[in-house]
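Shown next, in structure tokens, is the structure this report addresses.
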Amino acid sequence: MSRTPEGSSAGSRAGGHVPSGKRALERAPLPERVRGFLLEGLLTGRWGPGDRIVERRVATELGISQAPVREALRELQGMQLVEGAPNRGMRVRELSLSRLRDVYQVRAALERRAGELASRRLAGDVTALERELARMREAAREGDMERQLRSAVAFHRVIVHACGNEVLIRHWELLGVEVWTRLSLRWLRTGLHENAEDHEAVVEAVRRQDPYLGRLLELHVLEYASRSTAEG
């Protein structure tokens with residue numbers, strides 16, 4: 001039985017089997033699901049640095065038109081995860097320590113402003129932050145790095161989304177914080193420093209509505225940047 005370079009079986013589709021990728025598309029808005037499918041392919045190693053992502057093949061595997069795939073690839077291009085070349089489609093970009101450092105610096109600036117705006121809006125309510133902090137602690141005890149990372153990103157997302165500035169939120173999400181961290185762990189072998197204890201000071205700053213919450217978040221993110229790029 002022949003397989004396409006994307007790993008999907010033409011014969012199994014003809015026999016009525018629903019591709020696993022298509023099943024994954026059944027639970028969210030289409031553009032978001034296609035983007036998630038492509039990101040998962042990057043994170044699991046389906047596509048590595050320099051590999052070409054063929055729009056037509058992805059669309060065929062998912063049983064959709066090429067338009068949403070093209071849109072998702074443009075979003076990944078905006079995140080600087082893929083790059084286009086004339087007549088060659090999209091290729092996965094190489095990940096370097098300098099690019100990782102750049103992402104951290106932009107993230108730090110965005111989170112500083114988000115913290116400044118969110119401090120008053122949260123009004124000392126740390127319920128969501130404490131929930132993610134508890135999950136980080138549990139993941140750390142169990143040695144579950146993947147879950148620890150997800151909870152750490154969710155922790156920061158609580159503050160960013162509380163800022164009320166939709167443009168800032170959109171740009172923060174486009175950074176792909178979780179994706180960049182996971183790719184740096186996979187491709188550059190950087191260390192994960194999203195420890196629960198490092199976030200306790202942020203929780204306390206939100207609780208007391210500290211006017212310097214933004215600066216605290218900025219330093220918090222930049223500290224991870226210096227550790228990760230130094231270890232790489």
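By order of appearance in the structure tokens: chains A, B, ..., then residues from 1 within every chain, and ligands from 1 in the order shown.
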
Handout entry: Surrounding residues of segment 163-167 of chain A excluding itself and chain neighbours under 4 positions, 10 Å, only C-alpha atoms, as a list in words
Key = Glu111, Arg113, Ala114, Gly115, Glu116, Leu117, Ala118, Ser119, Arg120, Arg121, Leu122, Val158, Ile159, His171, Trp172 and Glu173 of chain A

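Considering only segment 9-228 of chain A, backbone DSSP assigns strand (DSSP E or B) to Ser9, Arg52, Ile53, Val82, Glu83, Gly84, Ala85, Gly89, Met90, Arg91 and Val92 of chain A.
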
Hey, can you spit out that residue selection with N, CA, C and O atoms as a tab-separated table (two decimals), in the first residue's frame?
```
chain	number	residue	atom	x	y	z
A	9	SER	N	-2.34	7.30	4.35
A	9	SER	CA	-2.53	6.17	3.45
A	9	SER	C	-3.69	6.42	2.51
A	9	SER	O	-4.84	6.55	2.92
A	52	ARG	N	9.64	20.71	4.09
A	52	ARG	CA	8.59	21.42	3.39
A	52	ARG	C	7.23	20.91	3.85
A	52	ARG	O	7.01	19.71	3.98
A	53	ILE	N	6.29	21.84	4.10
A	53	ILE	CA	4.91	21.49	4.43
A	53	ILE	C	4.08	21.76	3.18
A	53	ILE	O	3.92	22.90	2.77
A	82	VAL	N	7.56	29.03	10.16
A	82	VAL	CA	7.77	28.59	8.79
A	82	VAL	C	8.12	29.80	7.94
A	82	VAL	O	7.88	30.94	8.33
A	83	GLU	N	8.68	29.55	6.77
A	83	GLU	CA	9.00	30.64	5.85
A	83	GLU	C	8.69	30.19	4.44
A	83	GLU	O	8.83	29.02	4.09
A	84	GLY	N	8.26	31.16	3.62
A	84	GLY	CA	7.91	30.85	2.24
A	84	GLY	C	9.05	31.17	1.30
A	84	GLY	O	9.87	32.05	1.56
A	85	ALA	N	9.11	30.44	0.21
A	85	ALA	CA	10.09	30.68	-0.84
A	85	ALA	C	9.36	30.64	-2.17
A	85	ALA	O	8.44	29.82	-2.34
A	89	GLY	N	6.79	26.80	-1.82
A	89	GLY	CA	5.90	26.60	-0.70
A	89	GLY	C	6.52	26.99	0.63
A	89	GLY	O	7.43	27.83	0.69
A	90	MET	N	6.03	26.38	1.69
A	90	MET	CA	6.46	26.71	3.04
A	90	MET	C	7.43	25.66	3.59
A	90	MET	O	7.19	24.46	3.45
A	91	ARG	N	8.46	26.13	4.24
A	91	ARG	CA	9.42	25.25	4.90
A	91	ARG	C	9.54	25.64	6.37
A	91	ARG	O	9.40	26.80	6.72
A	92	VAL	N	9.82	24.65	7.20
A	92	VAL	CA	10.00	24.89	8.64
A	92	VAL	C	11.33	25.61	8.84
A	92	VAL	O	12.36	25.22	8.31
```

Which residues come within 10 Å of Ala201 of chain A, counting only C-alpha atoms, excluding same-chain residues fewer than 6 positions away, as a PDB file with N, CA, C and O atoms, in the first residue's frame?
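Result file follows (out05.pdb):
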```
ATOM      1  N   ARG A 207      -2.331  39.645  44.105  1.00  0.00           N
ATOM      2  CA  ARG A 207      -3.216  39.668  45.279  1.00  0.00           C
ATOM      3  C   ARG A 207      -3.243  41.063  45.928  1.00  0.00           C
ATOM      4  O   ARG A 207      -4.296  41.542  46.335  1.00  0.00           O
ATOM      5  N   LEU A 213       3.532  45.215  39.173  1.00  0.00           N
ATOM      6  CA  LEU A 213       3.330  43.862  38.656  1.00  0.00           C
ATOM      7  C   LEU A 213       3.921  43.709  37.259  1.00  0.00           C
ATOM      8  O   LEU A 213       4.555  42.688  36.948  1.00  0.00           O
ATOM      9  N   LEU A 216       7.632  43.271  37.375  1.00  0.00           N
ATOM     10  CA  LEU A 216       7.941  41.955  37.937  1.00  0.00           C
ATOM     11  C   LEU A 216       7.809  40.873  36.866  1.00  0.00           C
ATOM     12  O   LEU A 216       8.667  39.981  36.746  1.00  0.00           O
ATOM     13  N   LEU A 217       6.743  40.936  36.074  1.00  0.00           N
ATOM     14  CA  LEU A 217       6.542  39.960  35.002  1.00  0.00           C
ATOM     15  C   LEU A 217       7.648  40.059  33.958  1.00  0.00           C
ATOM     16  O   LEU A 217       8.145  39.048  33.458  1.00  0.00           O
ATOM     17  N   HIS A 220      10.708  38.506  35.310  1.00  0.00           N
ATOM     18  CA  HIS A 220      10.432  37.067  35.414  1.00  0.00           C
ATOM     19  C   HIS A 220      10.682  36.374  34.073  1.00  0.00           C
ATOM     20  O   HIS A 220      11.367  35.353  33.999  1.00  0.00           O
TER      21      HIS A 220
END
```

Fill in the blank from the handout: Atom pair atom CA of Ala196 of chain A + atom CA of Leu129 of chain A, distance 11.1 Å

Problem - Distance criterion (only C-alpha atoms): nearest to Glu40 of chain A out of A:His161, A:Arg208, A:Arg182, A:Arg215 - result: A:Arg182
